[in-house]
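To start, the structure itself, in structure tokens.
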Amino acid sequence: MSTNQFGEQGWTPDRIKDLNGKTFLITGTTSGTGFEAARILLSKGAKVVMLNRNPLKAKHAIDTLTTDLGKHIDVSNIVMDLSVQASVKKATEEVIQTVSQIDALICNAAIAQVPKRVLTKEGWESQMGTNYFGHFTLQALLFPMLEKSKGRIVAVGSMGYDMGLKTIKFEDINWDKDYTPNDAYSQSKLAQIMSIYELQDRLKAAGKTDVKAYACHPGSSRTALISTSGSFMMRMIFGLMKLTPLTQPAENGAYPSLMCATEQDLDQTAFYGPTGRSNWVGPVGAHHLEPHAKDKAVSKKLWELSESETGVQWNL
């Protein structure tokens, strides 16, 4: 008997009801799982606001979606570079001015396996600055609108959370020493996941339980993530992996975030993704999360550091 609450096939978008009147914000939608998430939500009648750094790629994505689904779809793009705090703040101002509600904010965009250490304008290691600090600021600034909308925050993490140092390197968070692409990426994804569970605790303590926060991951999906920012060797390795059953289509990789954005009565404390081999592929549902991802002392320290580093305070 399957232990997946959604049965042997796991969660699929067939469970999504009509989404007319619902609005979803998604970071990183020009390709891969973000694009597929946008496509599926639009096909269900939702309004989708994309947040992408490249306006030309965003226009191409919108043109493709319009061709596939029809000119009636309600989709737009707001330019935002997650690696630049000023860009994130400007984008959130535009969201607040032009969007009336947010039913879910899907934090999907990421860079991965950057071969040599690169620093953002704020002086953060690029993967931490983009994947984590950028999304932290975005979530915090949009929280009042999410609270008003009784919306959700969905952090798209990675199984990479369990493939690095398995903690936050507070003494050298920007990797001035001993930088490796994988350890830096793993730290950024661990930080994303940890902050969601810390946020859950803080929302509960503040009595603000109308906003839900979920952590999930796409498994091993055939996307452009590694080819966009990874080294030649990583691109070769993942290129070969794409030819094996160890990977799945990008559409399947979008299922966990879509589930967290739309499914009723999900357990916020769970971690969602593929439940098959190594949690890389397979039916989507809740699965085991290693204890270090919920280390309370580390997550509390990370939250306090994040507010200090970004200068952004959550209105909790």
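Labeling convention for the structure tokens: chains A, B, ... as they appear, residues from 1 per chain, ligands from 1 in order of appearance.
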Write out as JSON, numbers by chain the set of residues from segment 132-316 of chain A that DSSP, computed on the backbone, places in strand (DSSP E or B).
{"A": [152, 153, 154, 155, 156, 212, 213, 214, 215, 216, 221, 248, 271, 272, 273, 274, 284, 285, 286, 287]}
Could you dump the residues just selected with C-alpha atoms as a CSV table (one decimal), in the first residue's frame?
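Now in result20.csv:
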chain,number,residue,atom,x,y,z
A,152,ARG,CA,1.1,31.3,0.5
A,153,ILE,CA,4.9,31.4,0.2
A,154,VAL,CA,6.4,28.4,-1.6
A,155,ALA,CA,10.2,28.0,-1.5
A,156,VAL,CA,11.6,25.8,-4.2
A,212,LYS,CA,1.0,29.5,4.8
A,213,ALA,CA,4.7,28.7,4.1
A,214,TYR,CA,5.9,25.5,2.3
A,215,ALA,CA,9.2,24.0,1.3
A,216,CYS,CA,9.5,21.7,-1.7
A,221,SER,CA,14.5,17.7,-13.7
A,248,GLN,CA,12.4,13.7,-15.3
A,271,PHE,CA,9.0,18.6,2.8
A,272,TYR,CA,7.5,17.9,-0.6
A,273,GLY,CA,9.0,16.5,-3.8
A,274,PRO,CA,9.4,13.3,-5.8
A,284,VAL,CA,5.1,13.7,-5.8
A,285,GLY,CA,4.3,13.9,-2.1
A,286,ALA,CA,5.8,14.4,1.4
A,287,HIS,CA,9.1,12.7,2.1
Within 9 Å of Gln9 of chain A, counting only C-alpha atoms, which residues show up once you throw out same-chain ones fewer than 4 positions away? Write them as a PyMOL selection string, please.
chain A and resi 4+282-284
Output of the above residues as a compact mmCIF listing (two decimals), in the first residue's frame, restricted to N, CA and C atoms:
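New file again_3.txt:
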# COMPACT_ATOMS: atom_id res chain seq x y z
N ASN A 4 1.96 7.48 0.18
CA ASN A 4 1.74 8.82 -0.34
C ASN A 4 0.27 9.19 -0.13
N GLY A 282 9.79 10.42 -9.54
CA GLY A 282 8.74 9.61 -8.95
C GLY A 282 7.53 10.40 -8.51
N PRO A 283 6.53 9.71 -7.94
CA PRO A 283 5.30 10.36 -7.52
C PRO A 283 5.55 11.46 -6.49
N VAL A 284 4.84 12.55 -6.62
CA VAL A 284 5.06 13.70 -5.75
C VAL A 284 4.26 13.58 -4.45
Could you please write out, as a short mmCIF file (atom, residue, chain, number, x, y, z; two decimals) with C-alpha atoms, in the first residue's frame, every residue of segment 55-235 of chain A that DSSP assigns to alpha helix (DSSP H)?
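Writing the result to states_28.cif gives the following:
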data_model
loop_
_atom_site.label_atom_id
_atom_site.label_comp_id
_atom_site.auth_asym_id
_atom_site.auth_seq_id
_atom_site.Cartn_x
_atom_site.Cartn_y
_atom_site.Cartn_z
CA PRO A 55 12.85 41.09 -20.33
CA LEU A 56 13.55 39.63 -23.79
CA LYS A 57 13.42 36.05 -22.50
CA ALA A 58 10.31 36.92 -20.52
CA LYS A 59 8.63 38.30 -23.65
CA HIS A 60 9.51 35.13 -25.54
CA ALA A 61 8.01 33.02 -22.72
CA ILE A 62 4.82 35.08 -22.76
CA ASP A 63 4.58 34.85 -26.55
CA THR A 64 4.98 31.06 -26.34
CA LEU A 65 2.32 30.77 -23.64
CA THR A 66 -0.07 32.99 -25.58
CA THR A 67 0.44 30.89 -28.71
CA ASP A 68 -0.12 27.66 -26.79
CA LEU A 69 -3.01 28.72 -24.55
CA GLN A 85 18.64 44.08 -3.71
CA ALA A 86 17.70 47.39 -5.33
CA SER A 87 16.12 45.48 -8.20
CA VAL A 88 14.16 43.28 -5.81
CA LYS A 89 12.89 46.34 -3.93
CA LYS A 90 11.92 48.13 -7.13
CA ALA A 91 10.06 45.05 -8.37
CA THR A 92 8.13 44.67 -5.12
CA GLU A 93 7.05 48.31 -5.38
CA GLU A 94 5.71 47.59 -8.87
CA VAL A 95 3.91 44.49 -7.62
CA ILE A 96 2.27 46.45 -4.80
CA GLN A 97 1.16 49.16 -7.25
CA THR A 98 -0.17 46.88 -9.98
CA SER A 126 26.36 34.88 -5.76
CA GLN A 127 24.39 31.69 -5.09
CA HIS A 135 14.08 35.69 -2.06
CA PHE A 136 14.26 36.59 1.64
CA THR A 137 13.84 40.27 0.79
CA LEU A 138 11.12 39.57 -1.77
CA GLN A 139 9.11 37.52 0.72
CA ALA A 140 9.49 40.08 3.50
CA LEU A 141 8.45 43.07 1.40
CA LEU A 142 5.45 41.26 -0.08
CA PHE A 143 4.37 39.77 3.26
CA PRO A 144 1.79 42.50 4.04
CA MET A 145 0.06 41.80 0.71
CA LEU A 146 0.30 38.05 1.26
CA GLU A 147 -1.22 38.47 4.71
CA LYS A 148 -4.07 40.57 3.31
CA SER A 149 -4.66 37.94 0.62
CA PRO A 181 30.53 25.39 -6.32
CA ASN A 182 28.61 22.57 -4.68
CA ASP A 183 29.10 23.61 -1.05
CA ALA A 184 28.07 27.19 -1.82
CA TYR A 185 25.02 26.05 -3.77
CA SER A 186 24.05 23.59 -1.04
CA GLN A 187 24.30 26.29 1.62
CA SER A 188 22.00 28.58 -0.38
CA LYS A 189 19.34 25.89 -0.80
CA LEU A 190 19.61 24.78 2.83
CA ALA A 191 19.12 28.42 3.84
CA GLN A 192 15.98 28.65 1.71
CA ILE A 193 14.48 25.58 3.33
CA MET A 194 15.51 26.47 6.89
CA SER A 195 14.02 29.95 6.62
CA ILE A 196 10.63 28.52 5.65
CA TYR A 197 10.41 26.41 8.80
CA GLU A 198 11.67 29.34 10.87
CA LEU A 199 9.00 31.53 9.25
CA GLN A 200 6.34 28.97 10.18
CA ASP A 201 7.39 29.20 13.82
CA ARG A 202 7.39 32.99 13.74
CA LEU A 203 3.98 33.18 12.07
CA LYS A 204 2.56 30.85 14.69
CA ALA A 205 4.09 32.85 17.54
CA ALA A 206 2.67 36.07 16.09
CA LEU A 225 19.72 25.37 -14.51
CA ILE A 226 23.14 23.71 -14.70
CA SER A 227 23.81 24.74 -18.31
CA THR A 228 23.09 28.37 -17.40
CA SER A 229 25.57 28.77 -14.55
CA PHE A 232 31.81 22.77 -18.30
CA MET A 233 32.31 19.55 -16.32
CA MET A 234 28.97 19.93 -14.50
CA ARG A 235 27.22 20.63 -17.80
#
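Our summary of the geometry notes that atom CA of Val211 of chain A is positioned 21.1 Å from atom CA of Asp18 of chain A.
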Contacts of Trp175 of chain A within 10 Å, only C-alpha atoms, excl. fewer than 4 positions in-chain, as an MDAnalysis selection string:
chainID A and resid 117:119 124:125 169:171 179:180 183:184
